[in-house]
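Read the structure below first, then the notes.
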2 protein chains.
Amino acid sequence: MPIKYSQSDLEQLEQRFRTALINNIHGYKPLTLVGTKSNSGHDNLAVFSSLFHLGANPALIGMVVRPDVSPRHTLTNIRETGNFSLSHVTAAQAKQAHQTSARYPAEVSEFDACGFKRYFAEGYSVPAVEGSPIKIWCSLVQEIPLTQNGTHLVIGAITYLEVDDKVLKADGSLDLTVAQLVACGGLDTYYTGDRLFQLTYAKPDRTPEEK
Amino acid sequence: MPIKYSQSDLEQLEQRFRTALINNIHGYKPLTLVGTKSNSGHDNLAVFSSLFHLGANPALIGMVVRPDVSPRHTLTNIRETGNFSLSHVTAAQAKQAHQTSARYPAEVSEFDACGFKRYFAEGYSVPAVEGSPIKIWCSLVQEIPLTQNGTHLVIGAITYLEVDDKVLKADGSLDLTVAQLVACGGLDTYYTGDRLFQLTYAKPDRTPEEK
């Protein structure tokens with residue numbers, strides 16, 4: 001049976017219930033630790049589930065940042081230095097990654113507080129997370145403030161990436177189950193993936209087949 | 001062993017390999033069928049993996065649309081009518097959903113060509129997909145052209161939604177495995193989810209626990 005919510009039903013829902021419902025309503029989300037460093041040298045690590053693909057050439061990513069909640073240090077540092085790292089989260093790292101969303105004071109680095117080891121790539125001062133099978137370094141391209149709710153859309157260009165060789169397939173695609181990545185539902189539920197199939201390129205006159 | 005790509009390495013990759021790599025690089029993505037209808041009454045259905053959460057109150061979603069590829073009818077229709085539906089894809093629907101990415105002519109509706117049954121909610125003329133456990137109707141709030149690569153960011157407000165009662169939990173969160181939703185990797189690989197855990201709200205002075 002469907003449960004139905006109109007716009008005014010949604011507005012009248014108890015706040016925590018609505019937050020959970022609307023944060024869950026788009027299904028599986030990627031889970032990423034965003035690493036930044038302030039000009040004064042303090043690094044910061046915050047978990048995000050709002051990363052999305054914007055383009056392959058040039059390689060661009062988008063990320064939604066809410067400046068009014070705990071990951072605000074992330075936005076401040078990105079504005080200061082123009083650089084950030086992305087480390088995708090494995091199942092073994094999921095509890096620690098969740099813990100980075102606690103409101104630590106600015107002088108505390110979540111790398112230390114949550115037990116993550118810093119990983120430095122040659123030529124990059126912003127650390128990523130040791131043990132993450134996919135690590136990406138980005139430079140800020142544009143920040144778009146969204147007037148509807150005060151969130152900020154951060155657009156970044158991929159300047160460097162490292163991917164575990166066991167995860168990368170011959171066609172350039174990745175096996176996310178070999179990577180042991182987690183997906184996130186809402187703000188607090190975590191899933192691992194089971195590979196269903198990879199399909200051939202869709203054409204109007206044929207049915208897609210499993211590769 | 002990590003495989004390393006600099007920005008210039010990425011630029012020089014063979015195009016299909018780069019497309020696969022960069023489309024896969026952000027892990028699990030939600031898979032959604034976007035339904036639209038033109039002013040002349042033709043409906044259209046296109047699969048997207050770029051939907052993201054923008055805010056819970058008001059309930060806002062974001063979606064990246066590439067106007068130069070097949071789902072361009074989607075953007076044209078959204079501009080014409082200001083309305084669209086979102087139907088999240090189950091494992092049983094994944095092959096049909098993939099097939100909507102074939103380049104059908106404008107007069108062909110992917111509902112018919114790919115074997116989807118239209119689902120109409122009272123008061124809404126844009127159909128969603130029968131059998132989808134999460135169906136959402138949105139109105140266009142803003143379209144932001146991204147100058148970096150010609151993509152368009154569509155921001156929509158959720159005006160109505162229906163969710164299967166078996167999927168909705170008492171706290172407002174959803175069980176995505178009960179919903180049998182698929183996640184997408186890149187453009188052609190599909191995954192189902194296994195629930196790992198749901199964690200308590202993170203606070204600096206305690207370790208997150210499984211709920």
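In the structure tokens, each chain is lettered A, B, ... as it comes, each chain's residues begin at 1, and ligands are numbered from 1 in order of appearance.
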
Quiz item: Tell me, which residues of stretch 33-137 of chain B carry DSSP strand (DSSP E or B), written as a ChimeraX atom specification?
Solution: /B:33-37,43-48,52-56,59-65,83-88,90,118-119,128-129,134-137

Could you write out that same residue set with N, CA and C atoms as a compact mmCIF listing (two decimals), in the first residue's frame?
# COMPACT_ATOMS: atom_id res chain seq x y z
N LEU B 33 14.02 6.84 -12.80
CA LEU B 33 13.37 7.12 -14.08
C LEU B 33 12.65 8.46 -13.96
N VAL B 34 12.99 9.37 -14.86
CA VAL B 34 12.37 10.69 -14.83
C VAL B 34 11.28 10.74 -15.90
N GLY B 35 10.06 10.97 -15.47
CA GLY B 35 8.92 11.06 -16.38
C GLY B 35 8.56 12.50 -16.66
N THR B 36 8.29 12.80 -17.93
CA THR B 36 7.87 14.16 -18.31
C THR B 36 6.79 14.05 -19.38
N LYS B 37 6.17 15.17 -19.67
CA LYS B 37 5.14 15.23 -20.70
C LYS B 37 5.28 16.56 -21.42
N ASP B 43 4.41 11.80 -23.68
CA ASP B 43 5.22 11.62 -22.47
C ASP B 43 6.54 10.94 -22.81
N ASN B 44 7.47 11.05 -21.88
CA ASN B 44 8.86 10.63 -22.07
C ASN B 44 9.35 10.05 -20.74
N LEU B 45 10.23 9.05 -20.86
CA LEU B 45 10.79 8.45 -19.65
C LEU B 45 12.28 8.24 -19.89
N ALA B 46 13.10 8.71 -18.99
CA ALA B 46 14.56 8.62 -19.17
C ALA B 46 15.23 8.26 -17.85
N VAL B 47 16.25 7.44 -17.95
CA VAL B 47 16.94 7.01 -16.74
C VAL B 47 18.05 8.01 -16.39
N PHE B 48 18.15 8.33 -15.12
CA PHE B 48 19.16 9.25 -14.62
C PHE B 48 19.85 8.63 -13.40
N PHE B 52 20.21 14.14 -6.69
CA PHE B 52 20.78 14.30 -5.36
C PHE B 52 19.89 15.15 -4.45
N HIS B 53 20.06 14.92 -3.17
CA HIS B 53 19.30 15.60 -2.13
C HIS B 53 19.82 17.02 -1.96
N LEU B 54 18.90 17.99 -1.95
CA LEU B 54 19.32 19.38 -1.78
C LEU B 54 18.81 19.97 -0.47
N GLY B 55 17.73 19.42 0.07
CA GLY B 55 17.22 19.96 1.32
C GLY B 55 15.94 19.26 1.71
N ALA B 56 15.69 19.20 3.04
CA ALA B 56 14.51 18.48 3.53
C ALA B 56 13.32 19.41 3.76
N ALA B 59 11.44 20.51 0.75
CA ALA B 59 12.00 19.29 0.17
C ALA B 59 12.43 19.58 -1.26
N LEU B 60 13.74 19.61 -1.48
CA LEU B 60 14.30 19.99 -2.78
C LEU B 60 15.22 18.89 -3.30
N ILE B 61 15.20 18.71 -4.61
CA ILE B 61 16.12 17.76 -5.24
C ILE B 61 16.90 18.48 -6.33
N GLY B 62 18.06 17.94 -6.64
CA GLY B 62 18.86 18.42 -7.76
C GLY B 62 19.09 17.28 -8.73
N MET B 63 19.32 17.64 -9.97
CA MET B 63 19.49 16.64 -11.03
C MET B 63 20.35 17.26 -12.11
N VAL B 64 21.33 16.53 -12.60
CA VAL B 64 22.19 17.03 -13.67
C VAL B 64 21.67 16.51 -15.00
N VAL B 65 21.44 17.41 -15.94
CA VAL B 65 20.96 17.02 -17.27
C VAL B 65 21.96 17.47 -18.31
N ASN B 83 7.01 20.51 -14.80
CA ASN B 83 6.70 19.36 -13.95
C ASN B 83 7.44 18.10 -14.39
N PHE B 84 7.74 17.25 -13.44
CA PHE B 84 8.33 15.95 -13.75
C PHE B 84 8.09 14.98 -12.61
N SER B 85 8.18 13.68 -12.95
CA SER B 85 8.04 12.64 -11.92
C SER B 85 9.36 11.90 -11.77
N LEU B 86 9.56 11.34 -10.59
CA LEU B 86 10.74 10.50 -10.32
C LEU B 86 10.25 9.15 -9.83
N SER B 87 10.71 8.08 -10.46
CA SER B 87 10.35 6.72 -10.03
C SER B 87 11.64 5.96 -9.81
N HIS B 88 11.88 5.56 -8.58
CA HIS B 88 13.12 4.84 -8.31
C HIS B 88 13.03 3.42 -8.83
N THR B 90 13.71 -0.58 -9.33
CA THR B 90 13.97 -1.83 -8.61
C THR B 90 14.85 -2.74 -9.46
N ARG B 118 2.22 3.19 -17.16
CA ARG B 118 2.08 4.54 -16.57
C ARG B 118 1.27 4.47 -15.27
N TYR B 119 1.72 5.23 -14.30
CA TYR B 119 1.00 5.35 -13.04
C TYR B 119 0.63 6.82 -12.86
N ALA B 128 4.12 8.55 -13.53
CA ALA B 128 5.29 7.88 -12.94
C ALA B 128 5.24 6.43 -13.41
N VAL B 129 6.09 5.59 -12.83
CA VAL B 129 6.20 4.19 -13.27
C VAL B 129 5.48 3.27 -12.28
N ILE B 134 8.93 3.92 -4.75
CA ILE B 134 9.05 5.33 -4.35
C ILE B 134 8.79 6.19 -5.58
N LYS B 135 7.71 6.95 -5.54
CA LYS B 135 7.33 7.80 -6.68
C LYS B 135 7.19 9.23 -6.17
N ILE B 136 7.79 10.14 -6.90
CA ILE B 136 7.87 11.53 -6.45
C ILE B 136 7.45 12.44 -7.60
N TRP B 137 6.66 13.46 -7.29
CA TRP B 137 6.32 14.45 -8.31
C TRP B 137 6.95 15.78 -7.90

Could you build a table of the residues in chain A lying no more than 6 Å from chain B, giving for each the nearest pair of atoms and their separation in Å rounded to one decimal place, using only C-alpha atoms, ordered by chain and ascending residue number, as a tab-separated table?
residue	atom	partner	partner_atom	distance
A:Met1	CA	B:Asp164	CA	5.6
A:Pro2	CA	B:Asp164	CA	4.4
A:Ile3	CA	B:Val163	CA	5.3
A:Lys4	CA	B:Glu162	CA	4.5
A:Tyr5	CA	B:Leu161	CA	5.3
A:Ser6	CA	B:Tyr160	CA	4.5
A:Gln7	CA	B:Thr159	CA	4.7
A:Phe17	CA	B:Gly172	CA	4.6
A:Thr19	CA	B:Ala56	CA	5.5
A:Ala20	CA	B:Ser173	CA	4.9
A:Leu21	CA	B:Gly172	CA	4.6
A:Ile22	CA	B:Ala56	CA	5.4
A:Asn24	CA	B:Ser173	CA	5.9
A:Gly27	CA	B:Pro30	CA	5.6
A:Tyr28	CA	B:Pro30	CA	5.0
A:Lys29	CA	B:Lys29	CA	5.5
A:Pro30	CA	B:Tyr28	CA	5.0
A:Ala56	CA	B:Ile22	CA	5.4
A:Gln99	CA	B:Ala202	CA	5.3
A:Ala102	CA	B:Lys203	CA	4.5
A:Tyr104	CA	B:Pro204	CA	5.9
A:Thr159	CA	B:Gln7	CA	4.7
A:Tyr160	CA	B:Ser6	CA	4.5
A:Leu161	CA	B:Tyr5	CA	5.3
A:Glu162	CA	B:Lys4	CA	4.6
A:Val163	CA	B:Pro2	CA	5.2
A:Asp164	CA	B:Pro2	CA	4.4
A:Asp165	CA	B:Met1	CA	5.6
A:Asp171	CA	B:Phe17	CA	5.6
A:Gly172	CA	B:Phe17	CA	4.6
A:Ser173	CA	B:Ala20	CA	4.9
A:Leu174	CA	B:Asn24	CA	6.0
A:Ala183	CA	B:Tyr28	CA	6.0
A:Asp188	CA	B:Leu199	CA	5.3
A:Thr189	CA	B:Gln198	CA	4.1
A:Tyr190	CA	B:Leu196	CA	5.4
A:Tyr191	CA	B:Arg195	CA	4.5
A:Thr192	CA	B:Asp194	CA	5.2
A:Gly193	CA	B:Gly193	CA	4.5
A:Asp194	CA	B:Thr192	CA	5.2
A:Arg195	CA	B:Tyr191	CA	4.5
A:Leu196	CA	B:Tyr191	CA	4.9
A:Phe197	CA	B:Tyr190	CA	5.5
A:Gln198	CA	B:Thr189	CA	4.1
A:Leu199	CA	B:Asp188	CA	5.3
A:Ala202	CA	B:Ala102	CA	4.7
A:Lys203	CA	B:Ala102	CA	4.5
A:Pro204	CA	B:Ala102	CA	5.2

Deliver the residues from the most recent selection as a file, using C-alpha atoms, as an mmCIF file, in the first residue's frame.
data_model
loop_
_atom_site.group_PDB
_atom_site.id
_atom_site.type_symbol
_atom_site.label_atom_id
_atom_site.label_comp_id
_atom_site.auth_asym_id
_atom_site.auth_seq_id
_atom_site.Cartn_x
_atom_site.Cartn_y
_atom_site.Cartn_z
ATOM 1 C CA MET A 1 0.000 0.000 0.000
ATOM 2 C CA PRO A 2 1.353 3.449 -0.821
ATOM 3 C CA ILE A 3 1.635 6.071 1.889
ATOM 4 C CA LYS A 4 0.937 9.469 0.350
ATOM 5 C CA TYR A 5 2.369 12.855 1.252
ATOM 6 C CA SER A 6 1.301 16.136 -0.302
ATOM 7 C CA GLN A 7 3.553 19.192 -0.099
ATOM 8 C CA PHE A 17 10.704 12.253 10.724
ATOM 9 C CA THR A 19 14.489 14.933 7.755
ATOM 10 C CA ALA A 20 14.837 11.134 7.730
ATOM 11 C CA LEU A 21 12.173 10.648 5.051
ATOM 12 C CA ILE A 22 13.448 13.266 2.607
ATOM 13 C CA ASN A 24 16.238 8.735 2.362
ATOM 14 C CA GLY A 27 17.804 5.820 -2.509
ATOM 15 C CA TYR A 28 21.471 4.885 -2.428
ATOM 16 C CA LYS A 29 24.004 7.689 -2.128
ATOM 17 C CA PRO A 30 27.788 7.551 -2.364
ATOM 18 C CA ALA A 56 33.996 13.198 -17.641
ATOM 19 C CA GLN A 99 31.728 9.762 13.594
ATOM 20 C CA ALA A 102 30.039 14.907 15.268
ATOM 21 C CA TYR A 104 34.209 18.700 16.932
ATOM 22 C CA THR A 159 43.416 17.143 -10.646
ATOM 23 C CA TYR A 160 44.732 13.750 -9.548
ATOM 24 C CA LEU A 161 43.344 10.374 -8.568
ATOM 25 C CA GLU A 162 44.499 7.020 -7.287
ATOM 26 C CA VAL A 163 42.467 3.864 -7.636
ATOM 27 C CA ASP A 164 43.350 0.403 -6.362
ATOM 28 C CA ASP A 165 44.382 -1.838 -9.277
ATOM 29 C CA ASP A 171 37.113 -1.135 -19.759
ATOM 30 C CA GLY A 172 37.753 1.685 -17.260
ATOM 31 C CA SER A 173 34.796 0.800 -15.044
ATOM 32 C CA LEU A 174 35.230 -0.042 -11.369
ATOM 33 C CA ALA A 183 26.398 3.359 0.019
ATOM 34 C CA ASP A 188 22.636 7.122 9.248
ATOM 35 C CA THR A 189 22.015 3.867 7.329
ATOM 36 C CA TYR A 190 24.799 2.093 5.491
ATOM 37 C CA TYR A 191 24.726 -0.594 2.812
ATOM 38 C CA THR A 192 27.198 -2.731 0.947
ATOM 39 C CA GLY A 193 26.549 -3.614 -2.694
ATOM 40 C CA ASP A 194 25.989 -6.843 -4.595
ATOM 41 C CA ARG A 195 26.828 -6.731 -8.280
ATOM 42 C CA LEU A 196 23.717 -7.487 -10.317
ATOM 43 C CA PHE A 197 25.008 -7.097 -13.882
ATOM 44 C CA GLN A 198 26.756 -4.828 -16.384
ATOM 45 C CA LEU A 199 24.720 -4.176 -19.528
ATOM 46 C CA ALA A 202 21.336 0.597 -25.185
ATOM 47 C CA LYS A 203 20.082 0.878 -28.768
ATOM 48 C CA PRO A 204 16.455 1.209 -29.830
#

Quiz item: Running DSSP on the backbone, which parts of chain A land in helix (DSSP H, G or I), as a ChimeraX atom specification?
Solution: /A:7-12,15-24,72-81,91-99,110-113

Quiz prompt | Residue with smallest distance to A:Glu80 - pool A:Val154, A:Gly115, A:Ser38, A:Glu122, counting only C-alpha atoms | solution = A:Ser38

Quiz item: Using only C-alpha atoms, which residue out of A:Ser125, A:Ala92, A:Phe116, A:Val108 lies closest to A:Asn39?
Solution: A:Ser125

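Atom CA of A:Glu107 sits 7.1 Å away from atom CA of A:His42.
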